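So the structure is just underneath, and the comments pick up after that.
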Amino acid sequence: MMKKALKILGCISAAMAFVMTGTPVMAEDSSEQITITFWEHIADVEYQAPQVWDVVQTYMELHPNVTIEINGAEIEEHSTRLKLAAQSDSLPDLFYSRTPAARDMIKEGLIADLTDDLTADEDFVNGFLNGMTDILNIDGKIYGIPAEIQANGIWYNKVLFDQCGLEIPETYDELLNCCKVLRKNGITPMARGTKDSFAVWCLTNMFCRFGFYDHIDNILAGQEKWNNEDFIKFFEKLEEMTEAGMWPDNVTSLGYAESKELFVAGNAAMLDSGVWDTGTFDSCEFKDSIYFNWGPTFSDGVGNQEISMKAASFPYCVSAKVKEEDPEKYAVIIDFLKFYYGQEGTKIIVEDNQCIAITKYEVDIDEEEHPVFARVLEKINDEWESPVFAPNMYLPGDIEPAYHDAITGVLNGVYTAEEACDYLDNQMVVLGLLD
Amino acid sequence: MRWLSKTSNKIIMLLPTMVVYLVFIIMPVFVTIYYSLTKFTGIGETVFIGFKNYQNLFKDPVFFMALKNTCIVLVMTLLILLPLSFTLAVLLEHKFKGSELMKGMIFAPYVITPVIVGVIWIFILDPHIGILNAILRALHLDALALEWIGGIKMTAYSVSIVYIWQVLGFYTTIFIAGLRQISSDIHEASQIDGASKLQDIFFVTIPMLKETITIEIVLIITGAFKIFETVQQLTNGGPSHTSEVLVTYMYFTTFTSNRYGYGMAVATIAFLFSALCSVLYLKNASSQMTQGDSR
């Protein structure tokens, strides 16, 4: 059996082991029963995020006096109930939050400042990959830790590419050619569903290759327009792909889940998604033929084209109320977070569930058993640069839905490139962002 | 009974209902209007910004799209639902074998939760996996196999049809109740006078159902302005907001876009339109009835 050691972005330090095993505290020895409420942004955590579920279950086995009640809801429902809870000062102890909402809650003093409890343990903090603790770092204070890594890209079913005599595309021109050939052979080139407007992950990577970060600060400051030469070029590429028939015919009535099904069923050659699907694809029948990359480069792109997306996702936060009113429970939560992001938790996340951790970890992968995971790790470890935040996470919360709408509007054939940019400029006014 | 006739006792009897009505119906209207004048993300303090949200509404093309779609639903329901539910009520009032079963079947969609209605109709209307286009293609009517949902042109109309299907039983039931209020002696008298079945319907039944029709029209107007779950499930307002109606857009701006103030401005506009249409219609209907009575 061929085994290959793959490092996840750096080495684990010897001191890390101390962090994981030598975590101080409490609950293990305490006989008092402690219940932590933990709200997640997915409806069925056990099925949809087994890595989270497994870490929680293992922690509870190791700490019989601790019960972690996971309560999952689909992202929009989760965001709504979180706001209602924030309004009534009844936030759960631990929760996933979008950063714009989290920033509002921090302003209101509803989210705990974790800085002292995390940075006191230098090795623990140093164990995170670069930029991961910046996702909710306000004035040097850490208010949240990313739930996962936001690594977006394109998945490929090489069986279908081979059938058509095609190679996995590296450039945009190759991608467009693949689209034409796949279409000719009656194969849907790229699975996608615009009913979930947020499911435009690989396209955000492409946006970064057209100078997203060169313009966005000026746009948000009202000194530039979305309707600029570079962004128009990006949206024109989307128009071009749409006209070439890159997406399923019923793209408008599909959601992300259905588009994934299309790919898993072998009916689409590519899928726009991210590394969070690694585990699913590693249990596919044709797992040996599933590949992943960061999407195509553009000969007429702007700036560095070797841009990947290895950014932090939205974070887990802790209620400030629990920190103030129940120090014992708060200590257990910190202990749990250290377990989750420590070696034991990371081992469960990486080795048992084939997910990418946000901490440094060295792992041996059985490439025969988990070929998809092995390929993903190669990409994660490549030299391609990554922004600290994915574009949608960099934008203020108000404009994020409009940003997604503009992209999906072009994919749906509702907007032209120019109209999509104008729509965003209009929304900047409507949202009062330019006051 | 004398106890009930005293005003103070009437007030005592009405008080619990009045309190519930005030707290859950009247107060939220004013709270909504208040929030529509603020900037509020759902967390933290509200900032009073006057009519800024309303000014922005009139610059927002999606709002006008939602308003247009709501009007399409309203017109479609008035044009189709009203005559259809009346016709069905007249037909079902005649006893025939299976008429009770038919009544049950027509009413059935109304008791199905709108979310399930949406799911059912996706499997019918989806341009690619839907049964409707499959049948049309099997009949070699490919030109008629349109993008019923998910397209830019037809989606609002398809939503109206689904909504009509869903509420048809309810409106038919109201008409049936209205028909039963008309004494059979009147119909017999008209027949003795030589009226045909059709003349009986147009010159006896419909005039005598004026109040029922008025109620139905008001319910249709308010119903069209409240339509939400069916659209949410069927199209989620898409593609790219082209099938958005006022309430789904209000939900989107409030809960997805986190603009509570703006969302409440949309809600206030929806409320005002609905109230205005209903009041104008009621005023017109009551003046016509008064004129009819004086004649």
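Residues are referred to by chain and number: the chain letter is A, B, ... according to the order shown in the structure tokens, the number counts from 1 in that chain, and ligands are numbered separately from 1 in the order shown.
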
Could you list, as a PDB file with N, CA and C atoms, in the first residue's frame, every residue within 12 Å of region 111-122 of chain B, counting only C-alpha atoms and ignoring same-chain residues fewer than 4 positions away?
```pdb
ATOM      1  N   ASN A 250     -30.998  23.706 -16.635  1.00  0.00           N
ATOM      2  CA  ASN A 250     -31.947  24.176 -15.610  1.00  0.00           C
ATOM      3  C   ASN A 250     -31.207  24.825 -14.437  1.00  0.00           C
ATOM      4  N   SER A 253     -33.196  26.651 -11.688  1.00  0.00           N
ATOM      5  CA  SER A 253     -34.071  25.970 -10.727  1.00  0.00           C
ATOM      6  C   SER A 253     -33.310  24.951  -9.869  1.00  0.00           C
ATOM      7  N   LEU A 254     -31.986  24.943  -9.987  1.00  0.00           N
ATOM      8  CA  LEU A 254     -31.188  24.052  -9.138  1.00  0.00           C
ATOM      9  C   LEU A 254     -30.585  24.836  -7.984  1.00  0.00           C
TER      10      LEU A 254
ATOM     11  N   GLY B 104     -64.372  17.815  -1.961  1.00  0.00           N
ATOM     12  CA  GLY B 104     -63.210  17.486  -1.132  1.00  0.00           C
ATOM     13  C   GLY B 104     -61.910  17.645  -1.895  1.00  0.00           C
ATOM     14  N   MET B 105     -61.926  17.171  -3.155  1.00  0.00           N
ATOM     15  CA  MET B 105     -60.707  17.231  -3.966  1.00  0.00           C
ATOM     16  C   MET B 105     -60.320  18.675  -4.297  1.00  0.00           C
ATOM     17  N   ILE B 106     -61.328  19.487  -4.568  1.00  0.00           N
ATOM     18  CA  ILE B 106     -61.040  20.890  -4.897  1.00  0.00           C
ATOM     19  C   ILE B 106     -60.515  21.637  -3.667  1.00  0.00           C
ATOM     20  N   PHE B 107     -61.032  21.258  -2.504  1.00  0.00           N
ATOM     21  CA  PHE B 107     -60.602  21.942  -1.285  1.00  0.00           C
ATOM     22  C   PHE B 107     -59.240  21.442  -0.795  1.00  0.00           C
ATOM     23  N   ASP B 126     -41.011  22.518 -13.576  1.00  0.00           N
ATOM     24  CA  ASP B 126     -39.587  22.669 -13.911  1.00  0.00           C
ATOM     25  C   ASP B 126     -39.395  22.390 -15.404  1.00  0.00           C
ATOM     26  N   PRO B 127     -38.728  23.318 -16.102  1.00  0.00           N
ATOM     27  CA  PRO B 127     -38.623  23.160 -17.557  1.00  0.00           C
ATOM     28  C   PRO B 127     -37.880  21.898 -18.002  1.00  0.00           C
ATOM     29  N   HIS B 128     -37.054  21.338 -17.108  1.00  0.00           N
ATOM     30  CA  HIS B 128     -36.248  20.189 -17.536  1.00  0.00           C
ATOM     31  C   HIS B 128     -36.664  18.870 -16.908  1.00  0.00           C
ATOM     32  N   ILE B 129     -37.066  18.924 -15.634  1.00  0.00           N
ATOM     33  CA  ILE B 129     -37.475  17.655 -15.002  1.00  0.00           C
ATOM     34  C   ILE B 129     -38.986  17.607 -14.792  1.00  0.00           C
ATOM     35  N   GLY B 130     -39.682  18.684 -15.117  1.00  0.00           N
ATOM     36  CA  GLY B 130     -41.119  18.764 -14.856  1.00  0.00           C
ATOM     37  C   GLY B 130     -41.952  17.920 -15.805  1.00  0.00           C
ATOM     38  N   ILE B 131     -43.072  17.446 -15.263  1.00  0.00           N
ATOM     39  CA  ILE B 131     -43.950  16.545 -16.031  1.00  0.00           C
ATOM     40  C   ILE B 131     -44.668  17.297 -17.162  1.00  0.00           C
ATOM     41  N   LEU B 132     -44.933  18.585 -16.966  1.00  0.00           N
ATOM     42  CA  LEU B 132     -45.673  19.353 -17.962  1.00  0.00           C
ATOM     43  C   LEU B 132     -44.928  19.396 -19.298  1.00  0.00           C
ATOM     44  N   ASN B 133     -43.671  19.786 -19.234  1.00  0.00           N
ATOM     45  CA  ASN B 133     -42.898  19.853 -20.472  1.00  0.00           C
ATOM     46  C   ASN B 133     -42.642  18.467 -21.056  1.00  0.00           C
ATOM     47  N   GLU B 147     -40.132  27.783 -20.398  1.00  0.00           N
ATOM     48  CA  GLU B 147     -39.499  27.866 -19.076  1.00  0.00           C
ATOM     49  C   GLU B 147     -40.537  28.392 -18.095  1.00  0.00           C
ATOM     50  N   TRP B 148     -41.379  27.491 -17.609  1.00  0.00           N
ATOM     51  CA  TRP B 148     -42.502  27.908 -16.755  1.00  0.00           C
ATOM     52  C   TRP B 148     -41.999  28.554 -15.476  1.00  0.00           C
ATOM     53  N   ILE B 149     -40.981  27.930 -14.883  1.00  0.00           N
ATOM     54  CA  ILE B 149     -40.337  28.581 -13.729  1.00  0.00           C
ATOM     55  C   ILE B 149     -38.847  28.646 -14.025  1.00  0.00           C
ATOM     56  N   GLY B 150     -38.204  29.628 -13.422  1.00  0.00           N
ATOM     57  CA  GLY B 150     -36.753  29.744 -13.630  1.00  0.00           C
ATOM     58  C   GLY B 150     -36.419  30.622 -14.811  1.00  0.00           C
ATOM     59  N   THR B 155     -42.297  33.136 -15.183  1.00  0.00           N
ATOM     60  CA  THR B 155     -42.310  32.733 -13.776  1.00  0.00           C
ATOM     61  C   THR B 155     -43.438  33.387 -12.973  1.00  0.00           C
ATOM     62  N   SER B 158     -46.683  31.725 -13.782  1.00  0.00           N
ATOM     63  CA  SER B 158     -46.751  30.365 -13.230  1.00  0.00           C
ATOM     64  C   SER B 158     -47.049  30.414 -11.739  1.00  0.00           C
ATOM     65  N   VAL B 159     -46.422  31.349 -11.045  1.00  0.00           N
ATOM     66  CA  VAL B 159     -46.663  31.494  -9.603  1.00  0.00           C
ATOM     67  C   VAL B 159     -48.145  31.802  -9.372  1.00  0.00           C
ATOM     68  N   SER B 160     -48.718  32.651 -10.216  1.00  0.00           N
ATOM     69  CA  SER B 160     -50.143  32.984 -10.070  1.00  0.00           C
ATOM     70  C   SER B 160     -51.019  31.742 -10.240  1.00  0.00           C
ATOM     71  N   ILE B 161     -50.680  30.937 -11.245  1.00  0.00           N
ATOM     72  CA  ILE B 161     -51.483  29.731 -11.499  1.00  0.00           C
ATOM     73  C   ILE B 161     -51.411  28.780 -10.306  1.00  0.00           C
ATOM     74  N   VAL B 162     -50.211  28.607  -9.771  1.00  0.00           N
ATOM     75  CA  VAL B 162     -50.047  27.719  -8.609  1.00  0.00           C
ATOM     76  C   VAL B 162     -50.848  28.266  -7.426  1.00  0.00           C
ATOM     77  N   TYR B 163     -50.781  29.564  -7.238  1.00  0.00           N
ATOM     78  CA  TYR B 163     -51.519  30.184  -6.131  1.00  0.00           C
ATOM     79  C   TYR B 163     -53.023  29.981  -6.320  1.00  0.00           C
ATOM     80  N   ILE B 164     -53.487  30.144  -7.557  1.00  0.00           N
ATOM     81  CA  ILE B 164     -54.913  29.954  -7.845  1.00  0.00           C
ATOM     82  C   ILE B 164     -55.330  28.520  -7.550  1.00  0.00           C
ATOM     83  N   TRP B 165     -54.498  27.574  -7.995  1.00  0.00           N
ATOM     84  CA  TRP B 165     -54.770  26.148  -7.737  1.00  0.00           C
ATOM     85  C   TRP B 165     -54.889  25.893  -6.238  1.00  0.00           C
ATOM     86  N   GLN B 166     -54.006  26.551  -5.510  1.00  0.00           N
ATOM     87  CA  GLN B 166     -53.957  26.307  -4.066  1.00  0.00           C
ATOM     88  C   GLN B 166     -55.179  26.842  -3.331  1.00  0.00           C
ATOM     89  N   VAL B 167     -55.658  28.020  -3.720  1.00  0.00           N
ATOM     90  CA  VAL B 167     -56.740  28.658  -2.942  1.00  0.00           C
ATOM     91  C   VAL B 167     -58.124  28.496  -3.579  1.00  0.00           C
ATOM     92  N   LEU B 168     -58.160  27.825  -4.733  1.00  0.00           N
ATOM     93  CA  LEU B 168     -59.436  27.682  -5.453  1.00  0.00           C
ATOM     94  C   LEU B 168     -60.532  27.093  -4.563  1.00  0.00           C
ATOM     95  N   GLY B 169     -60.200  26.050  -3.818  1.00  0.00           N
ATOM     96  CA  GLY B 169     -61.175  25.367  -2.964  1.00  0.00           C
ATOM     97  C   GLY B 169     -61.778  26.294  -1.921  1.00  0.00           C
ATOM     98  N   PHE B 170     -60.936  27.156  -1.365  1.00  0.00           N
ATOM     99  CA  PHE B 170     -61.386  28.078  -0.319  1.00  0.00           C
ATOM    100  C   PHE B 170     -62.426  29.058  -0.881  1.00  0.00           C
ATOM    101  N   ILE B 227     -48.997  36.873  -0.547  1.00  0.00           N
ATOM    102  CA  ILE B 227     -48.430  35.633  -1.087  1.00  0.00           C
ATOM    103  C   ILE B 227     -46.925  35.569  -0.783  1.00  0.00           C
ATOM    104  N   PHE B 228     -46.494  34.437  -0.220  1.00  0.00           N
ATOM    105  CA  PHE B 228     -45.087  34.323   0.199  1.00  0.00           C
ATOM    106  C   PHE B 228     -44.513  32.911   0.010  1.00  0.00           C
ATOM    107  N   GLU B 229     -45.048  31.951   0.777  1.00  0.00           N
ATOM    108  CA  GLU B 229     -44.407  30.630   0.821  1.00  0.00           C
ATOM    109  C   GLU B 229     -44.327  29.960  -0.549  1.00  0.00           C
ATOM    110  N   THR B 230     -45.395  30.100  -1.335  1.00  0.00           N
ATOM    111  CA  THR B 230     -45.408  29.444  -2.641  1.00  0.00           C
ATOM    112  C   THR B 230     -44.261  29.961  -3.510  1.00  0.00           C
ATOM    113  N   VAL B 231     -44.097  31.271  -3.517  1.00  0.00           N
ATOM    114  CA  VAL B 231     -43.020  31.874  -4.320  1.00  0.00           C
ATOM    115  C   VAL B 231     -41.660  31.454  -3.752  1.00  0.00           C
ATOM    116  N   GLN B 232     -41.563  31.519  -2.438  1.00  0.00           N
ATOM    117  CA  GLN B 232     -40.294  31.188  -1.770  1.00  0.00           C
ATOM    118  C   GLN B 232     -39.870  29.767  -2.133  1.00  0.00           C
ATOM    119  N   GLN B 233     -40.827  28.845  -2.102  1.00  0.00           N
ATOM    120  CA  GLN B 233     -40.486  27.447  -2.352  1.00  0.00           C
ATOM    121  C   GLN B 233     -40.301  27.170  -3.847  1.00  0.00           C
ATOM    122  N   LEU B 234     -41.126  27.812  -4.645  1.00  0.00           N
ATOM    123  CA  LEU B 234     -41.118  27.524  -6.078  1.00  0.00           C
ATOM    124  C   LEU B 234     -39.901  28.124  -6.775  1.00  0.00           C
ATOM    125  N   THR B 235     -39.591  29.367  -6.476  1.00  0.00           N
ATOM    126  CA  THR B 235     -38.513  30.042  -7.216  1.00  0.00           C
ATOM    127  C   THR B 235     -37.515  30.766  -6.319  1.00  0.00           C
ATOM    128  N   ASN B 236     -37.830  30.881  -5.037  1.00  0.00           N
ATOM    129  CA  ASN B 236     -36.998  31.653  -4.113  1.00  0.00           C
ATOM    130  C   ASN B 236     -36.839  33.097  -4.618  1.00  0.00           C
TER     131      ASN B 236
END
```

Would you mind listing, for every residue of chain B within 10 Å of chain A, the two atoms forming the shortest contact and the distance between them in Å to one decimal, using only C-alpha atoms, sorted by chain and ascending residue number, as CSV?
```
residue,atom,partner,partner_atom,distance
B:Lys39,CA,A:Gly432,CA,9.5
B:Thr41,CA,A:Asp104,CA,8.1
B:Gly42,CA,A:Lys83,CA,6.1
B:Ile43,CA,A:Gln87,CA,6.1
B:Gly44,CA,A:Glu108,CA,5.9
B:Glu45,CA,A:Glu108,CA,8.6
B:Lys52,CA,A:Gly432,CA,8.7
B:Asn53,CA,A:Val430,CA,8.2
B:Tyr54,CA,A:Val430,CA,9.9
B:Gln55,CA,A:Val430,CA,8.6
B:Asn56,CA,A:Val430,CA,5.0
B:Leu57,CA,A:Val430,CA,7.2
B:Phe58,CA,A:Val430,CA,9.0
B:Lys59,CA,A:Val430,CA,6.7
B:Asp60,CA,A:Val430,CA,6.4
B:Pro61,CA,A:Tyr423,CA,8.7
B:Val62,CA,A:Tyr423,CA,9.7
B:Ile122,CA,A:Ser253,CA,8.6
B:Asp126,CA,A:Ser253,CA,7.2
B:Pro127,CA,A:Asn250,CA,7.0
B:His128,CA,A:Asn250,CA,6.2
B:Ile129,CA,A:Asn250,CA,8.6
B:Glu147,CA,A:Asn250,CA,9.1
B:Ile149,CA,A:Ser253,CA,7.4
B:Gly150,CA,A:Thr252,CA,5.1
B:Gly151,CA,A:Thr252,CA,7.5
B:Ile152,CA,A:Val414,CA,7.3
B:Leu234,CA,A:Ser253,CA,8.6
B:Thr235,CA,A:Ser253,CA,7.0
B:Asn236,CA,A:Lys195,CA,6.9
B:Gly237,CA,A:Lys195,CA,8.8
B:Gly238,CA,A:Lys195,CA,6.7
B:Pro239,CA,A:Thr252,CA,5.8
B:Ser240,CA,A:Gly409,CA,5.2
B:His241,CA,A:Asp405,CA,8.3
B:Thr242,CA,A:Val414,CA,8.3
B:Phe252,CA,A:Pro401,CA,9.2
B:Thr253,CA,A:Pro401,CA,9.2
B:Thr254,CA,A:Thr80,CA,9.4
B:Phe255,CA,A:Thr80,CA,6.2
B:Thr256,CA,A:Glu76,CA,6.7
B:Ser257,CA,A:Asp398,CA,5.7
B:Asn258,CA,A:Asp398,CA,6.7
B:Arg259,CA,A:Asp398,CA,7.2
B:Tyr262,CA,A:Leu431,CA,8.5
```

Problem set entry | Expected answer as a PyMOL selection string: alpha helix (DSSP H) residues in region 90-316 of chain A | chain A and resi 99-107+115-119+122-126+158-163+172-184+201-208+212-220+229-243+256-264+278-282

Neighbour list for Gly261 (chain B) as a tab-separated table (two decimals) with all heavy atoms, in the first residue's frame, cut-off 6 Å, only C-alpha atoms, skip fewer than 3 positions in-chain:
```tsv
chain	number	residue	atom	x	y	z
B	35	TYR	N	-40.06	51.21	12.38
B	35	TYR	CA	-38.77	50.67	11.92
B	35	TYR	C	-38.47	51.06	10.48
B	35	TYR	O	-37.31	51.14	10.09
B	35	TYR	CB	-38.74	49.14	12.08
B	35	TYR	CG	-38.33	48.71	13.47
B	35	TYR	CD1	-39.24	48.11	14.33
B	35	TYR	CD2	-37.04	48.93	13.92
B	35	TYR	CE1	-38.88	47.74	15.61
B	35	TYR	CE2	-36.66	48.56	15.21
B	35	TYR	CZ	-37.58	47.96	16.05
B	35	TYR	OH	-37.21	47.60	17.32
B	36	SER	N	-39.52	51.31	9.69
B	36	SER	CA	-39.29	51.69	8.29
B	36	SER	C	-38.64	53.07	8.19
B	36	SER	O	-38.13	53.45	7.15
B	36	SER	CB	-40.60	51.67	7.50
B	36	SER	OG	-41.39	52.79	7.84
B	38	THR	N	-36.11	53.86	10.11
B	38	THR	CA	-34.81	53.72	10.79
B	38	THR	C	-33.84	52.90	9.96
B	38	THR	O	-34.23	52.22	9.01
B	38	THR	CB	-34.97	52.99	12.14
B	38	THR	OG1	-35.36	51.65	11.88
B	38	THR	CG2	-35.97	53.66	13.04
B	39	LYS	N	-32.58	52.96	10.36
B	39	LYS	CA	-31.58	52.04	9.84
B	39	LYS	C	-31.29	51.06	10.96
B	39	LYS	O	-30.88	51.47	12.05
B	39	LYS	CB	-30.31	52.81	9.44
B	39	LYS	CG	-29.30	51.92	8.74
B	39	LYS	CD	-28.14	52.70	8.19
B	39	LYS	CE	-27.23	51.73	7.43
B	39	LYS	NZ	-26.14	52.38	6.78
B	40	PHE	N	-31.53	49.79	10.71
B	40	PHE	CA	-31.41	48.79	11.77
B	40	PHE	C	-30.98	47.46	11.14
B	40	PHE	O	-31.58	47.02	10.17
B	40	PHE	CB	-32.77	48.65	12.48
B	40	PHE	CG	-32.79	47.67	13.62
B	40	PHE	CD1	-31.79	47.65	14.57
B	40	PHE	CD2	-33.84	46.76	13.75
B	40	PHE	CE1	-31.82	46.75	15.63
B	40	PHE	CE2	-33.89	45.86	14.80
B	40	PHE	CZ	-32.88	45.85	15.74
B	264	MET	N	-38.83	46.79	6.37
B	264	MET	CA	-40.08	47.29	6.96
B	264	MET	C	-40.73	48.34	6.06
B	264	MET	O	-41.94	48.48	6.03
B	264	MET	CB	-39.83	47.85	8.37
B	264	MET	CG	-39.43	46.81	9.40
B	264	MET	SD	-40.53	45.40	9.51
B	264	MET	CE	-39.59	44.13	8.69
```

Exercise. Could you pull the residues within 12 Å of region 333-335 of chain A, counting only C-alpha atoms, minus those fewer than 5 positions along the same chain, as a count of residues only?
Worked result: 54

Problem set entry | Residue among A:Glu351, A:Glu344, A:Asp272, A:Asp300 lying closest to Leu203 (chain A), counting only C-alpha atoms |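 Among A:Glu351, A:Glu344, A:Asp272, A:Asp300, it is A:Asp272 that comes nearest to Leu203 (chain A).
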
Please identify all polymer residues within 8 Å of region 172-178 of chain B, counting only C-alpha atoms, omitting same-chain residues fewer than 2 positions from it, and present them as a compact mmCIF listing (two decimals) with all heavy atoms, in the first residue's frame.
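Saved file out05.txt follows:
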```txt
# COMPACT_ATOMS: atom_id res chain seq x y z
N SER B 85 -63.91 30.03 -9.45
CA SER B 85 -64.47 29.53 -8.19
C SER B 85 -66.00 29.65 -8.20
O SER B 85 -66.70 28.77 -7.68
CB SER B 85 -63.87 30.27 -7.00
OG SER B 85 -64.03 31.65 -7.15
N PHE B 86 -66.52 30.69 -8.84
CA PHE B 86 -67.98 30.85 -8.93
C PHE B 86 -68.57 29.73 -9.79
O PHE B 86 -69.56 29.09 -9.40
CB PHE B 86 -68.33 32.23 -9.52
CG PHE B 86 -69.80 32.40 -9.77
CD1 PHE B 86 -70.67 32.60 -8.71
CD2 PHE B 86 -70.32 32.33 -11.07
CE1 PHE B 86 -72.04 32.73 -8.94
CE2 PHE B 86 -71.67 32.47 -11.29
CZ PHE B 86 -72.53 32.67 -10.23
N LEU B 88 -67.34 26.80 -10.45
CA LEU B 88 -67.26 25.50 -9.74
C LEU B 88 -68.32 25.41 -8.66
O LEU B 88 -68.95 24.36 -8.49
CB LEU B 88 -65.87 25.35 -9.10
CG LEU B 88 -64.77 24.85 -10.03
CD1 LEU B 88 -63.42 24.95 -9.35
CD2 LEU B 88 -65.03 23.40 -10.43
N ALA B 89 -68.55 26.52 -7.95
CA ALA B 89 -69.55 26.52 -6.89
C ALA B 89 -70.94 26.23 -7.46
O ALA B 89 -71.70 25.43 -6.91
CB ALA B 89 -69.55 27.86 -6.16
N VAL B 90 -71.25 26.87 -8.59
CA VAL B 90 -72.57 26.65 -9.23
C VAL B 90 -72.70 25.18 -9.66
O VAL B 90 -73.74 24.54 -9.42
CB VAL B 90 -72.74 27.60 -10.44
CG1 VAL B 90 -73.99 27.25 -11.24
CG2 VAL B 90 -72.84 29.05 -9.97
N LEU B 92 -71.04 22.58 -8.50
CA LEU B 92 -71.03 21.64 -7.37
C LEU B 92 -72.29 21.74 -6.51
O LEU B 92 -72.56 20.85 -5.70
CB LEU B 92 -69.78 21.87 -6.50
CG LEU B 92 -68.46 21.46 -7.15
CD1 LEU B 92 -67.28 21.94 -6.33
CD2 LEU B 92 -68.39 19.95 -7.32
N GLU B 93 -73.05 22.82 -6.66
CA GLU B 93 -74.28 22.95 -5.91
C GLU B 93 -75.34 21.97 -6.42
O GLU B 93 -76.28 21.64 -5.70
CB GLU B 93 -74.82 24.38 -6.02
CG GLU B 93 -74.60 25.20 -4.78
CD GLU B 93 -75.10 24.55 -3.50
OE1 GLU B 93 -74.33 23.77 -2.88
OE2 GLU B 93 -76.25 24.79 -3.12
N PHE B 107 -61.03 21.26 -2.50
CA PHE B 107 -60.60 21.94 -1.28
C PHE B 107 -59.24 21.44 -0.79
O PHE B 107 -58.53 22.16 -0.07
CB PHE B 107 -61.66 21.75 -0.18
CG PHE B 107 -61.51 22.71 0.97
CD1 PHE B 107 -61.87 24.04 0.84
CD2 PHE B 107 -60.96 22.29 2.17
CE1 PHE B 107 -61.70 24.94 1.88
CE2 PHE B 107 -60.79 23.18 3.23
CZ PHE B 107 -61.17 24.50 3.08
N LEU B 168 -58.16 27.83 -4.73
CA LEU B 168 -59.44 27.68 -5.45
C LEU B 168 -60.53 27.09 -4.56
O LEU B 168 -61.67 27.58 -4.54
CB LEU B 168 -59.22 26.82 -6.71
CG LEU B 168 -60.44 26.59 -7.59
CD1 LEU B 168 -60.95 27.90 -8.17
CD2 LEU B 168 -60.12 25.61 -8.72
N GLY B 169 -60.20 26.05 -3.82
CA GLY B 169 -61.17 25.37 -2.96
C GLY B 169 -61.78 26.29 -1.92
O GLY B 169 -62.98 26.26 -1.65
N PHE B 170 -60.94 27.16 -1.36
CA PHE B 170 -61.39 28.08 -0.32
C PHE B 170 -62.43 29.06 -0.88
O PHE B 170 -63.49 29.25 -0.30
CB PHE B 170 -60.17 28.83 0.24
CG PHE B 170 -60.53 29.90 1.23
CD1 PHE B 170 -61.03 29.57 2.48
CD2 PHE B 170 -60.36 31.24 0.91
CE1 PHE B 170 -61.36 30.56 3.40
CE2 PHE B 170 -60.68 32.23 1.82
CZ PHE B 170 -61.19 31.89 3.07
N ARG B 180 -76.05 28.97 -1.00
CA ARG B 180 -77.03 28.33 -0.11
C ARG B 180 -77.90 29.34 0.63
O ARG B 180 -78.91 28.99 1.21
CB ARG B 180 -76.31 27.40 0.87
CG ARG B 180 -75.80 26.17 0.13
CD ARG B 180 -75.27 25.12 1.03
NE ARG B 180 -74.77 24.01 0.21
CZ ARG B 180 -74.01 23.04 0.65
NH1 ARG B 180 -73.65 23.03 1.91
NH2 ARG B 180 -73.62 22.09 -0.15
N GLN B 181 -77.43 30.59 0.66
CA GLN B 181 -78.22 31.64 1.30
C GLN B 181 -79.41 32.06 0.43
O GLN B 181 -80.35 32.66 0.91
CB GLN B 181 -77.35 32.88 1.55
CG GLN B 181 -76.17 32.66 2.49
CD GLN B 181 -76.60 32.41 3.92
OE1 GLN B 181 -77.42 33.14 4.45
NE2 GLN B 181 -76.09 31.33 4.51
N ILE B 182 -79.31 31.76 -0.88
CA ILE B 182 -80.39 32.17 -1.79
C ILE B 182 -81.50 31.12 -1.74
O ILE B 182 -81.25 29.94 -1.98
CB ILE B 182 -79.87 32.32 -3.24
CG1 ILE B 182 -78.69 33.30 -3.28
CG2 ILE B 182 -80.98 32.78 -4.18
CD1 ILE B 182 -77.98 33.34 -4.61
N LEU B 209 -75.59 37.59 -5.04
CA LEU B 209 -74.31 37.23 -4.40
C LEU B 209 -73.37 38.43 -4.27
O LEU B 209 -72.19 38.26 -3.99
CB LEU B 209 -73.61 36.13 -5.20
CG LEU B 209 -74.08 34.69 -5.01
CD1 LEU B 209 -73.30 33.78 -5.94
CD2 LEU B 209 -73.91 34.23 -3.58
N THR B 212 -71.24 38.52 -1.22
CA THR B 212 -70.24 37.44 -1.22
C THR B 212 -69.10 37.79 -2.18
O THR B 212 -67.92 37.60 -1.84
CB THR B 212 -70.90 36.11 -1.67
OG1 THR B 212 -72.06 35.89 -0.90
CG2 THR B 212 -69.94 34.94 -1.50
N ILE B 213 -69.47 38.30 -3.34
CA ILE B 213 -68.44 38.67 -4.33
C ILE B 213 -67.53 39.77 -3.76
O ILE B 213 -66.32 39.73 -3.91
CB ILE B 213 -69.10 39.10 -5.67
CG1 ILE B 213 -69.78 37.88 -6.31
CG2 ILE B 213 -68.06 39.67 -6.63
CD1 ILE B 213 -70.69 38.21 -7.49
N GLU B 216 -65.17 38.22 -1.43
CA GLU B 216 -64.17 37.43 -2.17
C GLU B 216 -63.11 38.35 -2.79
O GLU B 216 -61.92 38.05 -2.74
CB GLU B 216 -64.86 36.62 -3.27
CG GLU B 216 -65.75 35.53 -2.73
CD GLU B 216 -65.35 34.14 -3.21
OE1 GLU B 216 -64.47 34.05 -4.07
OE2 GLU B 216 -65.92 33.15 -2.71
```
